[in-house]
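Asks: Once you've had a glance at the structure underneath, I'll fire off some questions.
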Amino acid sequence: MTDLHRLSIRELAEGLSQAKFSSRELTEHYLQRIAKLDSQVKSYVTVTPEQALAEADAADAALKAGNATALTGIPLAHKDIFCTKGIKTTAGSKILDNFISPYDATVVEKTKAAGLVTLGKVNMDEFAMGSTSESSYVGATSNPWALDHVPGGSSGGSAAAVAADLAPFATGTDTGGSIRQPASFCGLTGLKPTYGRVSRFGIIAYASSLDQAGPMARSAEDCAYLMNVIAGHDAKDSTSVKKEVDDYVANLSNTSVKGLRIGIPKQYFNVVGLDADVKARVEESLKKLEEMGATLVEIDLNMTEAYVPTYYLIAPAEASSNLSRYDGVRYGHRCENPADLMDLYKRSRSEGFGPEVQRRILIGTYALSAGYYDAYYVKAQKVRRLIQQDFLKAFENVDVIAAPSAPTTAYKIGANLSPTEMYLGDIYTLAVNLAGLPAINAPVGFDKDSLPVGLQLIGNYWSESQLLSIVHQYQQNTDWHTKRAAIAEENA
């Protein structure tokens, strides 16, 4: 069974239920691939073979007894921002390098309850702050399509693990594009759900009004299977919404592309820095959707220029507050031989946090400080409302909005982008988080260097089923999501 990693989630589920292979065989297959190939990709921070095999044996027992769920026995990887009981959870930071969580995040709890097998924890930008996965304390992850390029960020380890077939699917989090952009860079499908659709409990917080968990996989169908497990209300998360959860798999064919009105924001396709190949591939994908029966409607999103400055006031302000708990006293990294309490705070935080995290804490603290709070933070919140209203007005005339997921394909590792260049790379994704909307990335081709390009579809609130359905039907008529990097074709 050397090709188990080429099977879709549906095929894996069918194979397990029909006893064509066991969960232990499947899990061992992925563990062997990780052992053989991940030294090149560096997607995993922690691999948990003993726990994985124990969970696989329990899954096989459940399958044999007829007590299995749809996904019992299928392995997955968790972004290292989800707390996992008894397993180190670092959020890519030195300050949490010795932190072993005493509890599971709700998303992890739900995947365990569904019988999924945890292969381990995957790499990410430190505290989810970044677009390359280079700011991780453990080092950079490589893009399976070109090992000298980044996989995107902050969920770069999740994207790289799936793109290299070192996990069938993975969890990610998206605060300003951290699922969609790495999915775009690695040729995957990645869904950022509506804010409040998936519990944030047990996710190490970056910016609490923006963070949202979601699935990353090869196809919309694979993402739908994981959404069926992780979506839903959680009493432990005060921002979780009490709303009935769709059967995302059953709904995959429910949205008719024929007659679908797709909004094309003219501002998005005139952005300085939009790569010509990215623009061409996205336009080709829209033409394909038009051939399938969709109608393209030009729209205005007049607040586009406000996305980056608004986000980079609100997100650092929330990060400044959330990260104040890492002080060298309660848990995490503590400096050696502090002279006094102030020295303990200063050196523990200076040693524990990387440059990008420190930069955002300083920006956020400044924006929240006396004399600047009203001028910066409060004003940014007012602009955030205008951005939301801009989208809601557009949705009066269209069903979904189309955009590139990123203005370029993957950067080279060590490109040393300035903070401004890195922040401007998030131009197409930030507003979705500011407005709390759902959005999805779908692979739609490659640039001249054979690096993947992604199309982003943005939906109105609670339209995850619609977005998955549109992309699923697009994927029934194209094969971009089936393309694999050379490293993914290797057998272990």
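Labels for the structure tokens follow display order: chains A, B, ..., residues from 1 in each chain, ligands from 1.
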Can you list, as a PyMOL selection string, every protein, DNA or RNA residue that comes within 8 Å of A:Ser199 when you count only C-alpha atoms, leaving out same-chain residues fewer than 6 positions away?
Replies: chain A and resi 106-107+212-213+230-234+237+239-240
Asks: Can you spit out the residues from that selection as a PDB file, in the first residue's frame, using C-alpha atoms?
Replies:
```
ATOM      1  CA  THR A 106     -11.893  22.492  21.378  1.00  0.00           C
ATOM      2  CA  VAL A 107     -10.881  21.861  17.745  1.00  0.00           C
ATOM      3  CA  GLN A 212     -10.459  31.976  13.236  1.00  0.00           C
ATOM      4  CA  ALA A 213      -9.619  28.287  12.736  1.00  0.00           C
ATOM      5  CA  ILE A 230     -14.723  21.287  13.811  1.00  0.00           C
ATOM      6  CA  ALA A 231     -17.628  23.700  13.179  1.00  0.00           C
ATOM      7  CA  GLY A 232     -20.234  24.502  15.801  1.00  0.00           C
ATOM      8  CA  HIS A 233     -21.009  26.408  18.974  1.00  0.00           C
ATOM      9  CA  ASP A 234     -18.747  26.074  22.006  1.00  0.00           C
ATOM     10  CA  ASP A 237     -15.731  30.463  23.626  1.00  0.00           C
ATOM     11  CA  THR A 239     -17.394  34.616  20.552  1.00  0.00           C
ATOM     12  CA  SER A 240     -18.701  31.264  19.293  1.00  0.00           C
TER      13      SER A 240
END
```
Asks: Could you please write out, as number ranges by chain, every residue of stretch 242-485 of chain A that DSSP assigns to helix (DSSP H, G or I)?
Replies: A: 268-270, 276-291, 304-325, 341-352, 355-368, 373-394, 419-424, 430-435, 464-476, 480-482
Asks: Would you output that residue set with C-alpha atoms, as a CSV table (one decimal), in the first residue's frame?
Replies:
```
chain,number,residue,atom,x,y,z
A,268,TYR,CA,-8.4,44.6,-6.6
A,269,PHE,CA,-7.1,44.0,-10.1
A,270,ASN,CA,-5.3,47.4,-10.3
A,276,ALA,CA,1.1,39.5,-14.2
A,277,ASP,CA,1.0,35.6,-14.0
A,278,VAL,CA,-1.2,35.7,-10.9
A,279,LYS,CA,-3.6,38.1,-12.5
A,280,ALA,CA,-3.7,36.0,-15.7
A,281,ARG,CA,-4.4,32.7,-13.8
A,282,VAL,CA,-7.1,34.3,-11.7
A,283,GLU,CA,-8.8,35.8,-14.7
A,284,GLU,CA,-8.6,32.4,-16.5
A,285,SER,CA,-10.3,30.7,-13.5
A,286,LEU,CA,-13.0,33.3,-13.6
A,287,LYS,CA,-13.5,32.7,-17.3
A,288,LYS,CA,-13.9,29.0,-16.5
A,289,LEU,CA,-16.6,29.8,-13.9
A,290,GLU,CA,-18.2,32.0,-16.5
A,291,GLU,CA,-18.2,29.1,-19.0
A,304,THR,CA,-9.4,48.9,-0.3
A,305,GLU,CA,-6.6,51.4,0.5
A,306,ALA,CA,-7.7,51.3,4.2
A,307,TYR,CA,-7.2,47.5,4.7
A,308,VAL,CA,-3.5,47.4,5.5
A,309,PRO,CA,-3.3,50.5,7.9
A,310,THR,CA,-6.5,49.5,9.7
A,311,TYR,CA,-5.5,45.9,10.2
A,312,TYR,CA,-2.0,46.8,11.3
A,313,LEU,CA,-3.4,49.0,14.1
A,314,ILE,CA,-6.1,46.7,15.3
A,315,ALA,CA,-4.2,43.4,15.2
A,316,PRO,CA,-1.0,44.7,17.0
A,317,ALA,CA,-3.2,46.4,19.6
A,318,GLU,CA,-4.9,43.1,20.4
A,319,ALA,CA,-1.6,41.3,20.3
A,320,SER,CA,-0.1,43.7,22.7
A,321,SER,CA,-2.9,42.9,25.2
A,322,ASN,CA,-2.9,39.1,24.6
A,323,LEU,CA,0.9,38.7,24.8
A,324,SER,CA,1.2,40.6,28.0
A,325,ARG,CA,0.7,37.3,29.9
A,341,LEU,CA,11.3,41.8,38.9
A,342,MET,CA,11.7,44.5,36.2
A,343,ASP,CA,14.8,42.8,34.9
A,344,LEU,CA,12.9,39.4,34.8
A,345,TYR,CA,10.1,40.9,32.7
A,346,LYS,CA,12.4,42.8,30.3
A,347,ARG,CA,14.9,40.0,29.6
A,348,SER,CA,12.4,37.2,29.6
A,349,ARG,CA,10.3,39.0,26.9
A,350,SER,CA,13.3,40.3,25.0
A,351,GLU,CA,14.9,36.8,24.8
A,352,GLY,CA,11.6,35.0,24.3
A,355,PRO,CA,11.8,40.6,16.1
A,356,GLU,CA,8.4,40.6,14.3
A,357,VAL,CA,6.5,39.8,17.5
A,358,GLN,CA,8.3,42.5,19.4
A,359,ARG,CA,7.6,45.0,16.5
A,360,ARG,CA,3.9,44.3,16.7
A,361,ILE,CA,3.7,44.5,20.5
A,362,LEU,CA,5.4,47.9,20.4
A,363,ILE,CA,3.1,49.2,17.6
A,364,GLY,CA,0.1,47.9,19.5
A,365,THR,CA,1.2,49.3,22.9
A,366,TYR,CA,1.8,52.7,21.3
A,367,ALA,CA,-1.7,52.7,19.6
A,368,LEU,CA,-3.3,51.9,22.9
A,373,TYR,CA,-5.9,55.5,21.8
A,374,ASP,CA,-8.6,57.8,20.3
A,375,ALA,CA,-6.4,59.0,17.4
A,376,TYR,CA,-5.3,55.5,16.3
A,377,TYR,CA,-7.1,52.5,17.8
A,378,VAL,CA,-10.6,54.1,18.0
A,379,LYS,CA,-10.3,55.5,14.5
A,380,ALA,CA,-9.2,52.2,13.1
A,381,GLN,CA,-12.3,50.5,14.7
A,382,LYS,CA,-14.5,53.1,12.9
A,383,VAL,CA,-12.8,52.4,9.6
A,384,ARG,CA,-13.3,48.7,10.2
A,385,ARG,CA,-17.0,49.2,10.3
A,386,LEU,CA,-16.8,51.1,7.0
A,387,ILE,CA,-14.9,48.2,5.5
A,388,GLN,CA,-17.6,45.8,6.7
A,389,GLN,CA,-20.4,48.1,5.2
A,390,ASP,CA,-18.5,48.2,1.9
A,391,PHE,CA,-18.7,44.4,1.6
A,392,LEU,CA,-22.4,44.2,2.8
A,393,LYS,CA,-23.3,46.8,0.1
A,394,ALA,CA,-21.5,44.7,-2.5
A,419,PRO,CA,7.8,44.8,7.1
A,420,THR,CA,5.9,47.1,4.7
A,421,GLU,CA,6.5,44.7,1.8
A,422,MET,CA,5.3,41.8,3.9
A,423,TYR,CA,2.2,43.6,5.1
A,424,LEU,CA,1.3,44.8,1.6
A,430,LEU,CA,-7.0,41.3,5.6
A,431,ALA,CA,-10.4,42.8,5.0
A,432,VAL,CA,-12.1,39.4,5.3
A,433,ASN,CA,-10.9,39.1,8.9
A,434,LEU,CA,-11.7,42.7,9.7
A,435,ALA,CA,-15.3,42.2,8.5
A,464,GLU,CA,-19.2,28.3,4.0
A,465,SER,CA,-21.4,25.7,2.3
A,466,GLN,CA,-21.8,27.9,-0.7
A,467,LEU,CA,-18.1,28.6,-1.0
A,468,LEU,CA,-17.1,24.9,-0.6
A,469,SER,CA,-19.8,24.0,-3.2
A,470,ILE,CA,-18.6,26.5,-5.8
A,471,VAL,CA,-15.0,25.4,-5.5
A,472,HIS,CA,-16.0,21.8,-5.5
A,473,GLN,CA,-17.9,22.2,-8.8
A,474,TYR,CA,-14.9,24.2,-10.2
A,475,GLN,CA,-12.7,21.3,-9.2
A,476,GLN,CA,-15.0,18.8,-10.9
A,480,TRP,CA,-5.4,22.0,-10.6
A,481,HIS,CA,-6.1,20.6,-7.2
A,482,THR,CA,-4.8,17.2,-8.2
```
Asks: Mind checking which residues fall within 7 Å of A:Gly153, counting only C-alpha atoms, ignoring those fewer than 4 positions away in the same chain, and posting them as a list in words?
Replies: Met124, Asp125, Gly130, Ser131, Thr132, Ser133, Ser178, Gln181 and Pro182 of chain A
Asks: Hey, what's within 6 Å of A:Gly293 if we count only C-alpha atoms and toss same-chain stuff fewer than 5 positions away? As a VMD selection string, please?
Replies: chain A and resid 257 to 259
Asks: Residues of stretch 205-261 of chain A that have any atom at most 9 Å from an atom of stretch 5-26 of chain A: could you tabulate them with the shortest-distance atom pair and the distance in Å to one decimal, using only C-alpha atoms, ordered by chain and increasing number, as a Markdown table?
Replies:
```
| residue | atom | partner | partner_atom | distance |
| --- | --- | --- | --- | --- |
| A:Arg218 | CA | A:Ser8 | CA | 8.1 |
| A:Ser219 | CA | A:Ser8 | CA | 8.3 |
| A:Glu221 | CA | A:Ile9 | CA | 8.0 |
| A:Asp222 | CA | A:Ile9 | CA | 5.5 |
| A:Cys223 | CA | A:Ile9 | CA | 8.9 |
| A:Tyr225 | CA | A:Ile9 | CA | 7.5 |
```
Asks: Got time to write the residues from that selection, all heavy atoms, as an mmCIF file, in the first residue's frame?
Replies:
```cif
data_model
loop_
_atom_site.group_PDB
_atom_site.id
_atom_site.type_symbol
_atom_site.label_atom_id
_atom_site.label_comp_id
_atom_site.auth_asym_id
_atom_site.auth_seq_id
_atom_site.Cartn_x
_atom_site.Cartn_y
_atom_site.Cartn_z
ATOM 1 N N ARG A 218 -6.379 19.242 0.100
ATOM 2 C CA ARG A 218 -6.173 19.346 -1.342
ATOM 3 C C ARG A 218 -7.419 19.873 -2.073
ATOM 4 O O ARG A 218 -7.315 20.601 -3.041
ATOM 5 C CB ARG A 218 -5.783 17.982 -1.927
ATOM 6 C CG ARG A 218 -4.383 17.579 -1.519
ATOM 7 C CD ARG A 218 -3.756 16.565 -2.454
ATOM 8 N NE ARG A 218 -2.341 16.412 -2.149
ATOM 9 C CZ ARG A 218 -1.374 17.142 -2.683
ATOM 10 N NH1 ARG A 218 -1.672 18.093 -3.544
ATOM 11 N NH2 ARG A 218 -0.113 16.944 -2.354
ATOM 12 N N SER A 219 -8.591 19.510 -1.602
ATOM 13 C CA SER A 219 -9.809 19.845 -2.332
ATOM 14 C C SER A 219 -10.867 20.430 -1.408
ATOM 15 O O SER A 219 -10.778 20.302 -0.178
ATOM 16 C CB SER A 219 -10.376 18.593 -3.005
ATOM 17 O OG SER A 219 -10.845 17.691 -2.017
ATOM 18 N N GLU A 221 -13.825 19.248 -1.194
ATOM 19 C CA GLU A 221 -14.473 18.094 -0.574
ATOM 20 C C GLU A 221 -13.733 17.667 0.688
ATOM 21 O O GLU A 221 -14.349 17.428 1.735
ATOM 22 C CB GLU A 221 -14.533 16.919 -1.563
ATOM 23 C CG GLU A 221 -15.242 15.698 -1.003
ATOM 24 C CD GLU A 221 -15.256 14.530 -1.973
ATOM 25 O OE1 GLU A 221 -14.166 14.051 -2.349
ATOM 26 O OE2 GLU A 221 -16.359 14.099 -2.350
ATOM 27 N N ASP A 222 -12.411 17.610 0.623
ATOM 28 C CA ASP A 222 -11.621 17.238 1.795
ATOM 29 C C ASP A 222 -11.817 18.253 2.922
ATOM 30 O O ASP A 222 -11.933 17.883 4.099
ATOM 31 C CB ASP A 222 -10.138 17.156 1.430
ATOM 32 C CG ASP A 222 -9.802 15.944 0.556
ATOM 33 O OD1 ASP A 222 -10.718 15.147 0.266
ATOM 34 O OD2 ASP A 222 -8.628 15.799 0.162
ATOM 35 N N CYS A 223 -11.839 19.547 2.575
ATOM 36 C CA CYS A 223 -12.072 20.597 3.579
ATOM 37 C C CYS A 223 -13.452 20.448 4.218
ATOM 38 O O CYS A 223 -13.619 20.655 5.424
ATOM 39 C CB CYS A 223 -11.949 21.985 2.952
ATOM 40 S SG CYS A 223 -10.255 22.523 2.648
ATOM 41 N N TYR A 225 -15.135 17.748 4.768
ATOM 42 C CA TYR A 225 -15.118 16.667 5.762
ATOM 43 C C TYR A 225 -14.596 17.171 7.102
ATOM 44 O O TYR A 225 -15.158 16.846 8.160
ATOM 45 C CB TYR A 225 -14.251 15.511 5.270
ATOM 46 C CG TYR A 225 -14.978 14.518 4.394
ATOM 47 C CD1 TYR A 225 -14.827 14.509 3.010
ATOM 48 C CD2 TYR A 225 -15.840 13.569 4.959
ATOM 49 C CE1 TYR A 225 -15.497 13.600 2.207
ATOM 50 C CE2 TYR A 225 -16.521 12.651 4.160
ATOM 51 C CZ TYR A 225 -16.344 12.668 2.787
ATOM 52 O OH TYR A 225 -17.029 11.770 2.004
#
```
Asks: Can you check which residues of stretch 28-209 of chain A DSSP gives as strand (DSSP E) on the backbone and send them as a list in words?
Replies: Tyr44, Val45, Thr46, Val47, Pro75, Leu76, Ala77, His78, Lys79, Val117, Thr118, Leu119, Gly120, Lys121, Val122, Ala170, Thr171, Gly172, Thr173, Thr189, Gly190, Leu191 and Lys192 of chain A
Asks: Grab the residues selected above and save them as a tab-separated table (two decimals), in the first residue's frame with C-alpha atoms.
Replies:
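Final output, saved to out.tsv:
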```tsv
chain	number	residue	atom	x	y	z
A	44	TYR	CA	6.63	19.27	11.64
A	45	VAL	CA	7.71	20.77	14.95
A	46	THR	CA	6.66	17.70	16.95
A	47	VAL	CA	5.82	14.23	15.62
A	75	PRO	CA	-4.63	11.01	10.32
A	76	LEU	CA	-4.23	14.79	10.43
A	77	ALA	CA	-1.76	17.43	11.58
A	78	HIS	CA	-2.49	20.36	13.91
A	79	LYS	CA	-0.96	23.80	13.60
A	117	VAL	CA	-5.45	10.39	14.49
A	118	THR	CA	-3.01	13.16	15.43
A	119	LEU	CA	0.31	12.78	13.62
A	120	GLY	CA	1.85	15.78	15.33
A	121	LYS	CA	2.16	19.56	15.42
A	122	VAL	CA	3.29	21.62	12.42
A	170	ALA	CA	-4.48	19.84	8.56
A	171	THR	CA	-5.92	22.50	10.83
A	172	GLY	CA	-4.87	26.11	10.42
A	173	THR	CA	-5.77	29.52	11.79
A	189	THR	CA	-7.72	24.50	-0.84
A	190	GLY	CA	-8.06	26.41	2.43
A	191	LEU	CA	-11.19	27.80	4.10
A	192	LYS	CA	-11.35	30.71	6.54
```
Asks: Name the residues in contact with A:Gly73 at a cut-off of 7 Å, using only C-alpha atoms, excluding same-chain residues fewer than 6 positions from it; report them as a ChimeraX atom specification.
Replies: /A:23,56,59-60,115-117
Asks: Would you save the residues from that selection as a PDB file, in the first residue's frame, using all heavy atoms?
Replies:
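Saved file result-v9.pdb follows:
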```
ATOM      1  N   SER A  23      -6.383   1.584  10.064  1.00  0.00           N
ATOM      2  CA  SER A  23      -5.897   2.898  10.486  1.00  0.00           C
ATOM      3  C   SER A  23      -4.421   2.808  10.881  1.00  0.00           C
ATOM      4  O   SER A  23      -3.644   3.734  10.623  1.00  0.00           O
ATOM      5  CB  SER A  23      -6.725   3.432  11.657  1.00  0.00           C
ATOM      6  OG  SER A  23      -6.222   4.676  12.103  1.00  0.00           O
ATOM      7  N   ALA A  56      -4.651   5.157  16.429  1.00  0.00           N
ATOM      8  CA  ALA A  56      -4.996   4.343  15.254  1.00  0.00           C
ATOM      9  C   ALA A  56      -5.552   2.985  15.682  1.00  0.00           C
ATOM     10  O   ALA A  56      -6.543   2.490  15.108  1.00  0.00           O
ATOM     11  CB  ALA A  56      -3.763   4.159  14.374  1.00  0.00           C
ATOM     12  N   ALA A  59      -8.976   3.461  16.838  1.00  0.00           N
ATOM     13  CA  ALA A  59      -9.851   3.682  15.677  1.00  0.00           C
ATOM     14  C   ALA A  59     -10.186   2.353  14.999  1.00  0.00           C
ATOM     15  O   ALA A  59     -11.343   2.112  14.615  1.00  0.00           O
ATOM     16  CB  ALA A  59      -9.164   4.615  14.684  1.00  0.00           C
ATOM     17  N   ASP A  60      -9.200   1.494  14.874  1.00  0.00           N
ATOM     18  CA  ASP A  60      -9.454   0.178  14.266  1.00  0.00           C
ATOM     19  C   ASP A  60     -10.451  -0.626  15.090  1.00  0.00           C
ATOM     20  O   ASP A  60     -11.330  -1.312  14.534  1.00  0.00           O
ATOM     21  CB  ASP A  60      -8.130  -0.595  14.124  1.00  0.00           C
ATOM     22  CG  ASP A  60      -7.278  -0.087  12.975  1.00  0.00           C
ATOM     23  OD1 ASP A  60      -7.857   0.419  11.994  1.00  0.00           O
ATOM     24  OD2 ASP A  60      -6.043  -0.186  13.064  1.00  0.00           O
ATOM     25  N   GLY A 115     -12.561  10.474  16.078  1.00  0.00           N
ATOM     26  CA  GLY A 115     -11.711   9.317  15.778  1.00  0.00           C
ATOM     27  C   GLY A 115     -10.533   9.615  14.885  1.00  0.00           C
ATOM     28  O   GLY A 115      -9.847   8.692  14.420  1.00  0.00           O
ATOM     29  N   LEU A 116     -10.254  10.893  14.627  1.00  0.00           N
ATOM     30  CA  LEU A 116      -9.100  11.255  13.814  1.00  0.00           C
ATOM     31  C   LEU A 116      -7.813  11.014  14.603  1.00  0.00           C
ATOM     32  O   LEU A 116      -7.789  11.089  15.832  1.00  0.00           O
ATOM     33  CB  LEU A 116      -9.189  12.725  13.387  1.00  0.00           C
ATOM     34  CG  LEU A 116     -10.233  13.007  12.297  1.00  0.00           C
ATOM     35  CD1 LEU A 116     -10.676  14.452  12.315  1.00  0.00           C
ATOM     36  CD2 LEU A 116      -9.682  12.653  10.921  1.00  0.00           C
ATOM     37  N   VAL A 117      -6.740  10.750  13.884  1.00  0.00           N
ATOM     38  CA  VAL A 117      -5.454  10.386  14.488  1.00  0.00           C
ATOM     39  C   VAL A 117      -4.483  11.557  14.344  1.00  0.00           C
ATOM     40  O   VAL A 117      -4.230  12.027  13.235  1.00  0.00           O
ATOM     41  CB  VAL A 117      -4.878   9.135  13.790  1.00  0.00           C
ATOM     42  CG1 VAL A 117      -3.473   8.828  14.296  1.00  0.00           C
ATOM     43  CG2 VAL A 117      -5.799   7.937  13.984  1.00  0.00           C
TER      44      VAL A 117
END
```
Asks: From the set A:Asn123, A:Asn67, A:Ser238, A:Thr48, which residue has the shortest atom-to-atom contact distance to A:Phe82, counting only C-alpha atoms?
Replies: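 That would be A:Asn123, the residue with the smallest distance to A:Phe82.
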Asks: Pick out the closest residue to A:Leu451 from this set: A:Asn228, A:Ser209, A:Ser154, A:Asn143. Count only C-alpha atoms.
Replies: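 Looking only at the distances to A:Leu451, the closest residue turns out to be A:Asn143.
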Asks: What is the atom CA of A:Pro452 to atom CA of A:Ala485 distance in Å?
Replies: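 Distance between the two atoms: 9.9 Å.
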Asks: List the spatial neighbours of stretch 38-40 of chain A as a PyMOL selection string - criterion: any atom at most 9 Å away, only C-alpha atoms, same-chain residues fewer than 4 positions off excluded.
Replies: chain A and resi 33-34+44+141-142+144+147+161+164+166
Asks: Kindly indicate which residue among A:Asn460, A:Asn302, A:Ser158, A:Ser135 lies nearest to A:Gly414, using only C-alpha atoms for the distances.
Replies: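 For A:Gly414, the nearest of the given residues is A:Ser135.
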Asks: For A:Ile81, which residue out of A:Tyr331, A:Tyr30, A:Phe201, A:Tyr195 is the nearest one, using only C-alpha atoms?
Replies: A:Phe201
Asks: Quote the spacing between atom CA of A:Ser405 and atom CA of A:Asp246 in Å to one decimal place.
Replies: 25.2 Å
